[in-house]
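Written out below as C-alpha cells is the structure these notes cover.
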Amino acid sequence: MSEPRSGATSGPLSTATSEPPSGAVVTDPATVAPASPRPRGRRRLVVVAVLGAAAALAVPFVADAFWLQLALFAMAAAVAALGLTLLLGQAGQLSLGHTFFLAIGAYGYTYLAAEDGPLGSGLGLPPALAAVLAVALAGLAGLLFSPIAGRLRGIYLGIASLGLVFFGLHILDNAPSLTGGDNGRSVPVFTLAGVRFAADPDQPQYVANVLFGREQKLWYLFLIVTVVAYLYFRNLVRGRPGRALRAVRDRESMAEIIGVPVTRYKAYAFLISSMYAGVGGVLYALAFRRVVPEAFGVALAVEYLAMVVIGGLGVAGGAVAGAAFVSWLPPVLERYSVHLPGLATEPGAAGINPSVAAKFIYGGAVIALLLFEPGGLAGVARRLRRRTTAQQ
Amino acid sequence: MSALSRRATLGVLSAAVATALLAAGCAQTKQADSGSSADGVETGPGVTDSVIKLGVLTDRTGPFAGAGKSIELGRTLFWEEQNAKGGVCDRKVEFILKDHAYKTDQAVTTYAQIKDDVLALDELLGSPEIAALSDTLNEDKMPTLAVSWSSSLLTNPYVILSGTTYDIEMINAVDWLMRNKGLAKGGKIGHIYLEGDYGNNALSGTTAAAKEYGLSVVESRIKATDTDLTAQVTALNNQGVKHVLLSGSSAHTASAVSIAEANGFDMTFLGSNPAFSPALLAGPAKAALEKRYFGVSSVAPISSNGPGASALRTKFTAKYPDQIKNASPFVGYGYGQGVIMHSILDAACKKGALTRDGVLKAYYSLKTLQTDGLIATLDYSKPGKTPAREVYIVKPDATVAGGLAQVQDLFTAPFAASFTPTR
C-alpha cells in the first residue's frame, strides 16, 4: 500500500515529504499537544533534516528535465493543496472553487508583471512585487466570497464555489487583453535579486559542469516557497487560529459559546486558503511558462479535492504527499507503462495500450488507498510510525 | 541558539555542499546536442548514423483519442513503407509517442521528458496544448507539426500547419453553399461554433465571407459540455436560417442535424473538418446526416478517387482490413503528415544539416508541396502565411470506405484565395 508513497519520496520532493520528522509528534492536528521531543528524537530529527536538505539541494544535479518539471508542478500543487486542506480539513468548508483563486494568482502575476504590448496589456511591475500583489489579489477574492461561504455549508458551499470556476473560465475566455483569450499569455520570467529564473540559450550557465537552465533554478525557488508554506501552515494549525478553526468545524454553536467569532474565522479561513491558492497559482504559472484557460477548469478543481482527500484531510504533510501522488502518478505511470507486459504497443492493434493501462493503474491505486486507509497517505504514515516506535 | 542546533546547521550546510559536488561529479551532462556523423551530415538531438527519432505528443485517453489513433494508423502506414525503402537520409525514422490526455500540464511534462531525445515533433495534438507549449517550442527551436488548423498558430515560426485553416475552410464553404445550395445574397447563414480557438477562428472566416458576399451571420456559441442543441437549432429556425455552419465536435453535429430532421426544419448543415466522425453513421443520426449534412476539409476522404487517396485506401485495406469502414480523414491526415515530414527531412539531409535549425530551414525552403491530392496543395514559401487554401466538400455515406464521399474536388473560392487573417 505504501508503494506509491515510497516511490514519491525517492524523487525530488523528498524534502517536502520527508520533512515531517517533527511530524512524528503531530499525529492528529485536532489533538496537538505542545511538542517536547526527547533528546534522542531531536538527534534523529537533525540527521533526517540534514539528509533531506542535502538531497533536496542535490536534486537539480542529478534529475533530468522531466523529473524537475514534474517536481515544479507538484510543488505548485502542494502549496495550493495546503490552502485547500486548511479550508476543508481544518475549517470544515468544502470548496470546489480552488482553481478560481489559483487562476487569479497565475493570471494576476502574468498581468502585473507583463509589459504592456500588442499581445496584451500589463503593468510591467517587478516580478517579485507582481507575485506578492497577485497573492494579495487572490486573498481579496477569497475575502469577497467569504460572505457566501458564511451562509452555506457542506455540499451547498461546494456547488456555490464551483460556480466560481465557471465564472473564472468565462472571464479568461472573454477578456483577451487581460488574459490572452483562448491562446493564453506568456508568463513573464521571474527575477529576484538579479537572478533570472529562465534558461539563457545564448549564454548557458554551468554549475559544477551541469547546465543550469530554467528548471534547475526554479527548483530552488519552488523548494523555498514550499517549505515556508508548509511551516507556516503547521504553525497556524498548532496555534490559536487553528484551534478556533477546528472548533468552528466541529460545532459552530459551541465555538460561539466559548467565544470564537465564527463568521470572522470562516472568512479568515477563506482568506488564508485563497492566498495559498494564489501562491500556488503564481508557482503554477512559472512552472507552465504560459497560462491557458484550459489549465484552470473543473477537472483541476476536482483534482485538488482528490489531493487533500488522498493525502489525509487537514494534515500538512498529507496535502503535500497527496499533491505529489496526484500530479506524479499519471505521468510516471505513462512514462514506464510501455514496459508492462501484455500490452498492445503496435499501432492499430486491439487491446489495452500503455496509456490506457496507466490510467487504470492510477484509478486502482486511488481506490485501493482510500479503501484500506481512509485517513489517506497521512494515515499510512501514521501507521508506519506507530509500528517503528512499537519496535523500539 | 543552542550548541546542538548550531552544529546541526553547520552539518546541514556541509553535507549539502558535499552531496551537491558529488552529484555534480556523477551527473551526466547533455552537451553533445549536435555533432557530425560519418556521412558528413551535421546531426542534432535524436539523430544517429542509423536512426532519426521524432516525438509524438498525442491524445490516447482523452476526448480526442479517436483522432489521435487514426493519425497514428496513417503515420504507421507511411513510415513502415518508407523505412522499408531505406528511410530518409539513410536513416530509419522512429517515434517516441507520449499521451498527454488532452491536458495542458501533462503536455508540458511529457514534452520535457522527450525534448532532448528527438529532432522534431512529428505531432502535437490540440490547440490548448500547442498554446501552452508555444513559448517552450520557440526557446528550444523545436520544429513541430501541429494537429490543429487555427490561423492563430501562424505567429509561431516553429509550428508547421499542414492544411487549410478553419477560417479559410469556412469562406470556401460559404462560397460553395451560395453556388450549390441556394444561399443567396442578402440571405442569412447560421453558425453554431464551439467557444475556444477552433470555433472562434472558424467564425472569423464566416464573418469575413458574409461581409464579402452580402450575407448576415446568426451566431450561436456553444460549450464543449452542451450535448443537446435543441435551443440553438430552434432559435436559428425561428430566425429563418436555412443554412447552418457547424464548428463543434461530432456529438454536436449529430445533435443539431437530428433535431432539424425530427422537427422537419428545412435546413442544410455544413461542418468544419473536426465536426464529423464516421462513428456517427453507426448511430441514430445516420439518416439525417446523409440527407442534410456536408463537410469541408482540406484532407481527401479515403473513399476519394484521387491518386493519393486511392493508394492510401489500398494500403490501409491490406493492413487493417476490419477498420476501413471507420477510417476517418485523420488517417489520411496522418499519412499526409508523413509525406510532409519526409519532404522536410529529405531537404534537410540534402543541405547536410539534420539539426533543428536545419529542419526549420528545410521547411521554409519547401515552397510548394504536393501529396497527390491527399492534402490540399501546401505552400510553405511565405512564413506566417496560411499554407493551404483549397478544400474538398464531402458528404456522409455509410456505403463507402470511411463513411465520407467526395462531393466536390479541391477548389478555392476567389475570396478565400485573397483572404488574410487579421492576427
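Here, A, B, ... name the chains of the C-alpha cells in the order displayed, residue numbers run from 1 inside each chain, and ligands are numbered from 1 in the same displayed order.
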Q.
as a PyMOL selection string, please: the residues near Ala114 of chain A (cut-off 8 Å, only C-alpha atoms, same-chain neighbours under 2 positions excluded).
A. chain A and resi 110-112+116+121-125+187-188
Written selection (C-alpha atoms) as a PDB file, in the first residue's frame:
ATOM      1  CA  THR A 110       1.147  37.483 -15.536  1.00  0.00           C
ATOM      2  CA  TYR A 111      -0.837  40.689 -15.934  1.00  0.00           C
ATOM      3  CA  LEU A 112       1.025  42.627 -13.267  1.00  0.00           C
ATOM      4  CA  ASP A 116       2.146  46.397 -21.973  1.00  0.00           C
ATOM      5  CA  SER A 121      -1.956  44.743 -21.542  1.00  0.00           C
ATOM      6  CA  GLY A 122       0.165  44.651 -18.425  1.00  0.00           C
ATOM      7  CA  LEU A 123       1.654  46.823 -15.756  1.00  0.00           C
ATOM      8  CA  GLY A 124       5.285  45.791 -16.093  1.00  0.00           C
ATOM      9  CA  LEU A 125       5.895  45.650 -12.347  1.00  0.00           C
ATOM     10  CA  VAL A 187       4.278  34.261 -18.271  1.00  0.00           C
ATOM     11  CA  PRO A 188       6.989  36.855 -17.607  1.00  0.00           C
TER      12      PRO A 188
END
**Q.** Residue set, segment 154-276 of chain B restricted to strand (DSSP E), as a count of residues only
**A.** 25
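Using only C-alpha atoms, the nearest neighbour of Asp140 of chain B within the list A:Leu178, A:Val356, A:Ala103, A:Ala199 is A:Ala199.
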Q. Which residues, written as a VMD selection string, have at least one atom at most 6 Å from Pro354 of chain A, with only C-alpha atoms counted and residues fewer than 2 positions away on the same chain left out?
A. chain A and resid 337 to 338 356 to 357
Residues of the last selection are to be written out with C-alpha atoms, as a tab-separated table (two decimals), in the first residue's frame.
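Listing of part_15.tsv after writing:
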chain	number	residue	atom	x	y	z
A	337	SER	CA	3.83	1.72	-18.73
A	338	VAL	CA	5.46	0.81	-22.06
A	356	VAL	CA	-4.83	3.37	-21.00
A	357	ALA	CA	-3.16	0.89	-18.67
**Q.** For atom CA of Ser152 of chain B and atom CA of Ser186 of chain A, the interatomic separation in Å (one decimal)
**A.** 14.6 Å
Q.
Under the rule that only C-alpha atoms are counted, which of B:Ala318, B:Leu145, B:Ala209, B:Val339 is the nearest residue to Leu177 of chain B?
A. B:Ala209
Sorted by chain and rising residue number, which residues of chain A lie within 7 Å of chain B, and what are their closest atom pairs and distances in Å to one decimal, counting only C-alpha atoms, as a tab-separated table?
residue	atom	partner	partner_atom	distance
A:Val46	CA	B:Ala8	CA	6.3
A:Val50	CA	B:Val12	CA	4.4
A:Ala53	CA	B:Ala16	CA	6.6
A:Ala54	CA	B:Ala16	CA	3.8
A:Leu57	CA	B:Ala16	CA	6.4
A:Ala58	CA	B:Ala20	CA	4.5
A:Phe61	CA	B:Ala24	CA	5.4
A:Val62	CA	B:Ala27	CA	5.5
A:Ala65	CA	B:Ala112	CA	5.6
A:Phe66	CA	B:Gln113	CA	4.3
A:Gln69	CA	B:Thr109	CA	6.0
A:Leu70	CA	B:Thr109	CA	6.1
A:Asp182	CA	B:Gly196	CA	5.5
A:Asn183	CA	B:Ala131	CA	5.3
A:Gly184	CA	B:Ala131	CA	6.8
A:Ser186	CA	B:Asp135	CA	7.0
A:Ala208	CA	B:Ala24	CA	5.7
A:Asn209	CA	B:Ala24	CA	6.7
A:Val210	CA	B:Thr29	CA	5.7
A:Arg290	CA	B:Ala132	CA	5.5
A:Val291	CA	B:Ala132	CA	6.7
A:Val292	CA	B:Ala132	CA	6.2
A:Glu294	CA	B:Pro128	CA	6.6
A:Ala295	CA	B:Thr104	CA	6.0
A:Pro331	CA	B:Gln106	CA	6.8
A:Pro347	CA	B:Leu73	CA	6.2
A:Gly348	CA	B:Leu73	CA	6.2
A:Ser355	CA	B:Asp99	CA	6.3
A:Val356	CA	B:Thr61	CA	6.1
Q | Test item: residues at most 8 Å from Ala413 of chain B, only C-alpha atoms, excluding those fewer than 6 positions along its chain, as a ChimeraX atom specification | A | /B:171-172,175-176
Restricting the output to N, CA and C atoms, write the selected residues as a JSON list (two decimals), in the first residue's frame.
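Contents of the output file part-v4.json:
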[["chain", "number", "residue", "atom", "x", "y", "z"],
["B", 171, "ILE", "N", -14.80, 30.11, -45.40],
["B", 171, "ILE", "CA", -15.03, 31.01, -46.54],
["B", 171, "ILE", "C", -15.36, 30.17, -47.78],
["B", 172, "ASN", "N", -14.59, 29.12, -47.99],
["B", 172, "ASN", "CA", -14.87, 28.22, -49.11],
["B", 172, "ASN", "C", -16.24, 27.58, -48.98],
["B", 175, "ASP", "N", -18.98, 30.02, -49.89],
["B", 175, "ASP", "CA", -18.96, 30.17, -51.34],
["B", 175, "ASP", "C", -19.66, 28.99, -52.02],
["B", 176, "TRP", "N", -19.36, 27.79, -51.55],
["B", 176, "TRP", "CA", -19.95, 26.58, -52.14],
["B", 176, "TRP", "C", -21.46, 26.53, -51.91]]
(Q) With DSSP run on the backbone, what are the alpha helix (DSSP H) residues within segment 246-369 of chain A? I'd like them as a PyMOL selection string. (A) chain A and resi 246-250+252-257+262-288+298-311+316-336+354-369
Take the selection from the previous step and output its residues with C-alpha atoms, as an mmCIF file, in the first residue's frame.
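Writing the result to result-v4.cif gives the following:
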data_model
loop_
_atom_site.group_PDB
_atom_site.id
_atom_site.type_symbol
_atom_site.label_atom_id
_atom_site.label_comp_id
_atom_site.auth_asym_id
_atom_site.auth_seq_id
_atom_site.Cartn_x
_atom_site.Cartn_y
_atom_site.Cartn_z
ATOM 1 C CA ARG A 246 -11.361 23.324 14.394
ATOM 2 C CA ALA A 247 -13.905 24.471 16.937
ATOM 3 C CA VAL A 248 -15.914 26.069 14.122
ATOM 4 C CA ARG A 249 -15.600 22.906 12.094
ATOM 5 C CA ASP A 250 -16.705 20.574 14.860
ATOM 6 C CA GLU A 252 -20.412 26.133 15.331
ATOM 7 C CA SER A 253 -22.692 26.905 18.223
ATOM 8 C CA MET A 254 -20.182 25.518 20.707
ATOM 9 C CA ALA A 255 -17.445 27.608 19.156
ATOM 10 C CA GLU A 256 -19.648 30.667 19.500
ATOM 11 C CA ILE A 257 -20.269 29.892 23.176
ATOM 12 C CA VAL A 262 -17.494 32.179 13.887
ATOM 13 C CA THR A 263 -18.155 34.420 10.891
ATOM 14 C CA ARG A 264 -14.810 36.110 11.206
ATOM 15 C CA TYR A 265 -12.952 32.800 11.399
ATOM 16 C CA LYS A 266 -14.826 31.427 8.405
ATOM 17 C CA ALA A 267 -13.754 34.495 6.441
ATOM 18 C CA TYR A 268 -10.235 34.091 7.816
ATOM 19 C CA ALA A 269 -10.092 30.501 6.583
ATOM 20 C CA PHE A 270 -11.171 31.581 3.114
ATOM 21 C CA LEU A 271 -8.667 34.430 3.096
ATOM 22 C CA ILE A 272 -5.692 32.258 4.040
ATOM 23 C CA SER A 273 -6.795 29.387 1.839
ATOM 24 C CA SER A 274 -7.191 31.551 -1.238
ATOM 25 C CA MET A 275 -3.850 33.234 -0.566
ATOM 26 C CA TYR A 276 -2.268 29.791 -0.523
ATOM 27 C CA ALA A 277 -4.051 29.116 -3.807
ATOM 28 C CA GLY A 278 -2.677 32.416 -5.083
ATOM 29 C CA VAL A 279 0.889 31.417 -4.226
ATOM 30 C CA GLY A 280 0.237 28.052 -5.856
ATOM 31 C CA GLY A 281 -1.114 29.885 -8.889
ATOM 32 C CA VAL A 282 1.995 32.033 -9.262
ATOM 33 C CA LEU A 283 4.174 28.919 -8.998
ATOM 34 C CA TYR A 284 1.904 27.096 -11.433
ATOM 35 C CA ALA A 285 2.243 29.926 -13.950
ATOM 36 C CA LEU A 286 6.030 29.917 -13.584
ATOM 37 C CA ALA A 287 6.149 26.149 -13.995
ATOM 38 C CA PHE A 288 3.933 26.352 -17.084
ATOM 39 C CA VAL A 298 -13.304 21.979 -13.308
ATOM 40 C CA ALA A 299 -11.055 18.955 -13.751
ATOM 41 C CA LEU A 300 -8.303 20.696 -11.809
ATOM 42 C CA ALA A 301 -10.729 21.684 -9.030
ATOM 43 C CA VAL A 302 -11.671 18.053 -8.616
ATOM 44 C CA GLU A 303 -8.011 17.061 -8.726
ATOM 45 C CA TYR A 304 -7.283 19.349 -5.775
ATOM 46 C CA LEU A 305 -10.093 17.767 -3.823
ATOM 47 C CA ALA A 306 -8.576 14.391 -4.647
ATOM 48 C CA MET A 307 -5.159 15.572 -3.441
ATOM 49 C CA VAL A 308 -6.325 16.602 0.015
ATOM 50 C CA VAL A 309 -8.536 13.545 0.455
ATOM 51 C CA ILE A 310 -5.838 11.141 -0.744
ATOM 52 C CA GLY A 311 -3.274 12.876 1.415
ATOM 53 C CA ALA A 316 0.075 19.461 6.171
ATOM 54 C CA GLY A 317 2.253 16.516 5.183
ATOM 55 C CA GLY A 318 -0.807 14.813 3.763
ATOM 56 C CA ALA A 319 -1.575 17.706 1.438
ATOM 57 C CA VAL A 320 1.997 17.718 0.159
ATOM 58 C CA ALA A 321 2.060 13.952 -0.281
ATOM 59 C CA GLY A 322 -1.371 13.985 -1.917
ATOM 60 C CA ALA A 323 -0.234 16.690 -4.339
ATOM 61 C CA ALA A 324 2.806 14.607 -5.230
ATOM 62 C CA PHE A 325 0.664 11.488 -5.626
ATOM 63 C CA VAL A 326 -1.920 13.091 -7.902
ATOM 64 C CA SER A 327 0.478 15.113 -10.033
ATOM 65 C CA TRP A 328 3.146 12.415 -10.319
ATOM 66 C CA LEU A 329 1.492 9.091 -10.616
ATOM 67 C CA PRO A 330 -0.208 9.606 -14.016
ATOM 68 C CA PRO A 331 2.869 10.918 -15.882
ATOM 69 C CA VAL A 332 5.230 8.475 -14.176
ATOM 70 C CA LEU A 333 2.952 5.565 -15.000
ATOM 71 C CA GLU A 334 2.640 6.905 -18.542
ATOM 72 C CA ARG A 335 6.419 7.029 -18.769
ATOM 73 C CA TYR A 336 7.010 3.482 -17.612
ATOM 74 C CA PRO A 354 0.165 1.560 -22.303
ATOM 75 C CA SER A 355 -1.515 4.949 -21.847
ATOM 76 C CA VAL A 356 -4.834 3.374 -21.002
ATOM 77 C CA ALA A 357 -3.156 0.888 -18.673
ATOM 78 C CA ALA A 358 -1.513 3.785 -16.852
ATOM 79 C CA LYS A 359 -4.942 5.338 -16.263
ATOM 80 C CA PHE A 360 -6.324 2.069 -14.925
ATOM 81 C CA ILE A 361 -3.441 1.624 -12.518
ATOM 82 C CA TYR A 362 -3.851 5.184 -11.282
ATOM 83 C CA GLY A 363 -7.568 4.729 -10.693
ATOM 84 C CA GLY A 364 -6.965 1.425 -8.955
ATOM 85 C CA ALA A 365 -4.307 2.930 -6.681
ATOM 86 C CA VAL A 366 -6.621 5.731 -5.592
ATOM 87 C CA ILE A 367 -9.487 3.369 -4.841
ATOM 88 C CA ALA A 368 -7.274 0.893 -3.001
ATOM 89 C CA LEU A 369 -5.674 3.604 -0.888
#
Q: Find the spatial neighbours of Asp397 of chain B, counting only C-alpha atoms, within a cut-off of 10 Å - ignore same-chain residues fewer than 2 positions away - and output them as a PyMOL selection string.
A: chain B and resi 278+281+286-287+289-291+303+394-395+399-406
Take the residues just selected and output them with all heavy atoms as a short mmCIF file (atom, residue, chain, number, x, y, z; two decimals), in the first residue's frame.
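Done, and the output landed in selection-v7.cif:
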data_model
loop_
_atom_site.label_atom_id
_atom_site.label_comp_id
_atom_site.auth_asym_id
_atom_site.auth_seq_id
_atom_site.Cartn_x
_atom_site.Cartn_y
_atom_site.Cartn_z
N PRO B 278 -16.79 9.14 -38.53
CA PRO B 278 -17.52 8.03 -39.17
C PRO B 278 -18.38 7.24 -38.18
O PRO B 278 -19.37 6.62 -38.58
CB PRO B 278 -16.40 7.14 -39.73
CG PRO B 278 -15.17 7.96 -39.72
CD PRO B 278 -15.35 9.04 -38.72
N LEU B 281 -22.25 7.35 -38.16
CA LEU B 281 -23.10 6.63 -39.09
C LEU B 281 -23.56 5.29 -38.53
O LEU B 281 -24.40 4.62 -39.13
CB LEU B 281 -22.35 6.43 -40.42
CG LEU B 281 -22.05 7.73 -41.16
CD1 LEU B 281 -21.27 7.46 -42.42
CD2 LEU B 281 -23.33 8.48 -41.47
N LYS B 286 -27.81 8.67 -38.44
CA LYS B 286 -27.32 8.31 -39.77
C LYS B 286 -28.18 8.89 -40.90
O LYS B 286 -27.68 9.58 -41.80
CB LYS B 286 -27.26 6.78 -39.88
CG LYS B 286 -26.91 6.26 -41.25
CD LYS B 286 -26.78 4.73 -41.21
CE LYS B 286 -26.56 4.15 -42.58
NZ LYS B 286 -27.77 4.07 -43.40
N ALA B 287 -29.48 8.63 -40.85
CA ALA B 287 -30.36 9.05 -41.94
C ALA B 287 -30.34 10.57 -42.10
O ALA B 287 -30.21 11.09 -43.21
CB ALA B 287 -31.77 8.56 -41.68
N LEU B 289 -28.07 12.67 -41.18
CA LEU B 289 -26.76 13.14 -41.64
C LEU B 289 -26.62 12.95 -43.15
O LEU B 289 -26.17 13.85 -43.86
CB LEU B 289 -25.64 12.38 -40.93
CG LEU B 289 -25.33 12.81 -39.50
CD1 LEU B 289 -24.48 11.77 -38.80
CD2 LEU B 289 -24.62 14.16 -39.51
N GLU B 290 -27.03 11.78 -43.63
CA GLU B 290 -26.87 11.51 -45.06
C GLU B 290 -27.73 12.44 -45.89
O GLU B 290 -27.42 12.75 -47.03
CB GLU B 290 -27.21 10.04 -45.36
CG GLU B 290 -26.14 9.10 -44.83
CD GLU B 290 -26.35 7.65 -45.22
OE1 GLU B 290 -27.50 7.26 -45.54
OE2 GLU B 290 -25.36 6.90 -45.19
N LYS B 291 -28.82 12.93 -45.30
CA LYS B 291 -29.75 13.78 -46.03
C LYS B 291 -29.32 15.25 -46.00
O LYS B 291 -29.42 15.95 -46.98
CB LYS B 291 -31.13 13.62 -45.39
CG LYS B 291 -32.27 14.25 -46.16
CD LYS B 291 -33.58 13.75 -45.56
CE LYS B 291 -34.64 14.84 -45.58
NZ LYS B 291 -35.75 14.51 -44.69
N SER B 303 -12.33 7.52 -49.38
CA SER B 303 -13.07 6.91 -50.49
C SER B 303 -12.84 7.64 -51.80
O SER B 303 -13.30 7.20 -52.85
CB SER B 303 -14.56 6.93 -50.16
OG SER B 303 -15.02 8.27 -50.13
N VAL B 394 -17.38 17.20 -48.78
CA VAL B 394 -17.70 15.78 -48.65
C VAL B 394 -19.09 15.62 -48.06
O VAL B 394 -19.66 16.56 -47.52
CB VAL B 394 -16.68 15.07 -47.74
CG1 VAL B 394 -15.30 15.11 -48.35
CG2 VAL B 394 -16.65 15.70 -46.35
N LYS B 395 -19.64 14.42 -48.19
CA LYS B 395 -20.92 14.16 -47.52
C LYS B 395 -20.91 12.74 -46.95
O LYS B 395 -20.26 11.86 -47.49
CB LYS B 395 -22.09 14.40 -48.47
CG LYS B 395 -22.51 13.24 -49.35
CD LYS B 395 -23.52 13.65 -50.39
CE LYS B 395 -24.92 13.90 -49.86
NZ LYS B 395 -25.60 12.81 -49.20
N THR B 399 -22.10 3.71 -47.15
CA THR B 399 -21.74 2.60 -48.02
C THR B 399 -20.27 2.65 -48.47
O THR B 399 -19.74 1.68 -48.98
CB THR B 399 -22.62 2.58 -49.28
OG1 THR B 399 -22.43 3.83 -49.97
CG2 THR B 399 -24.08 2.42 -48.93
N VAL B 400 -19.61 3.81 -48.31
CA VAL B 400 -18.24 3.91 -48.80
C VAL B 400 -17.23 3.81 -47.65
O VAL B 400 -17.59 3.97 -46.49
CB VAL B 400 -18.00 5.23 -49.58
CG1 VAL B 400 -18.97 5.34 -50.73
CG2 VAL B 400 -18.12 6.42 -48.65
N ALA B 401 -15.97 3.56 -48.02
CA ALA B 401 -14.90 3.47 -47.02
C ALA B 401 -14.80 4.78 -46.25
O ALA B 401 -14.86 5.86 -46.83
CB ALA B 401 -13.58 3.18 -47.71
N GLY B 402 -14.67 4.68 -44.93
CA GLY B 402 -14.51 5.87 -44.12
C GLY B 402 -15.79 6.66 -43.90
O GLY B 402 -15.80 7.64 -43.17
N GLY B 403 -16.88 6.26 -44.57
CA GLY B 403 -18.17 6.92 -44.31
C GLY B 403 -18.32 8.30 -44.91
O GLY B 403 -19.28 9.00 -44.59
N LEU B 404 -17.39 8.74 -45.74
CA LEU B 404 -17.50 10.06 -46.34
C LEU B 404 -17.24 9.95 -47.84
O LEU B 404 -16.26 9.36 -48.26
CB LEU B 404 -16.48 11.02 -45.74
CG LEU B 404 -16.80 11.67 -44.39
CD1 LEU B 404 -15.61 12.48 -43.91
CD2 LEU B 404 -18.03 12.56 -44.48
N ALA B 405 -18.15 10.52 -48.62
CA ALA B 405 -17.98 10.52 -50.07
C ALA B 405 -17.63 11.93 -50.54
O ALA B 405 -18.09 12.91 -49.96
CB ALA B 405 -19.26 10.05 -50.75
N GLN B 406 -16.81 11.99 -51.58
CA GLN B 406 -16.42 13.30 -52.09
C GLN B 406 -17.53 13.89 -52.95
O GLN B 406 -18.07 13.23 -53.82
CB GLN B 406 -15.14 13.14 -52.91
CG GLN B 406 -14.61 14.43 -53.47
CD GLN B 406 -13.31 14.20 -54.23
OE1 GLN B 406 -12.46 13.42 -53.79
NE2 GLN B 406 -13.18 14.84 -55.36
#
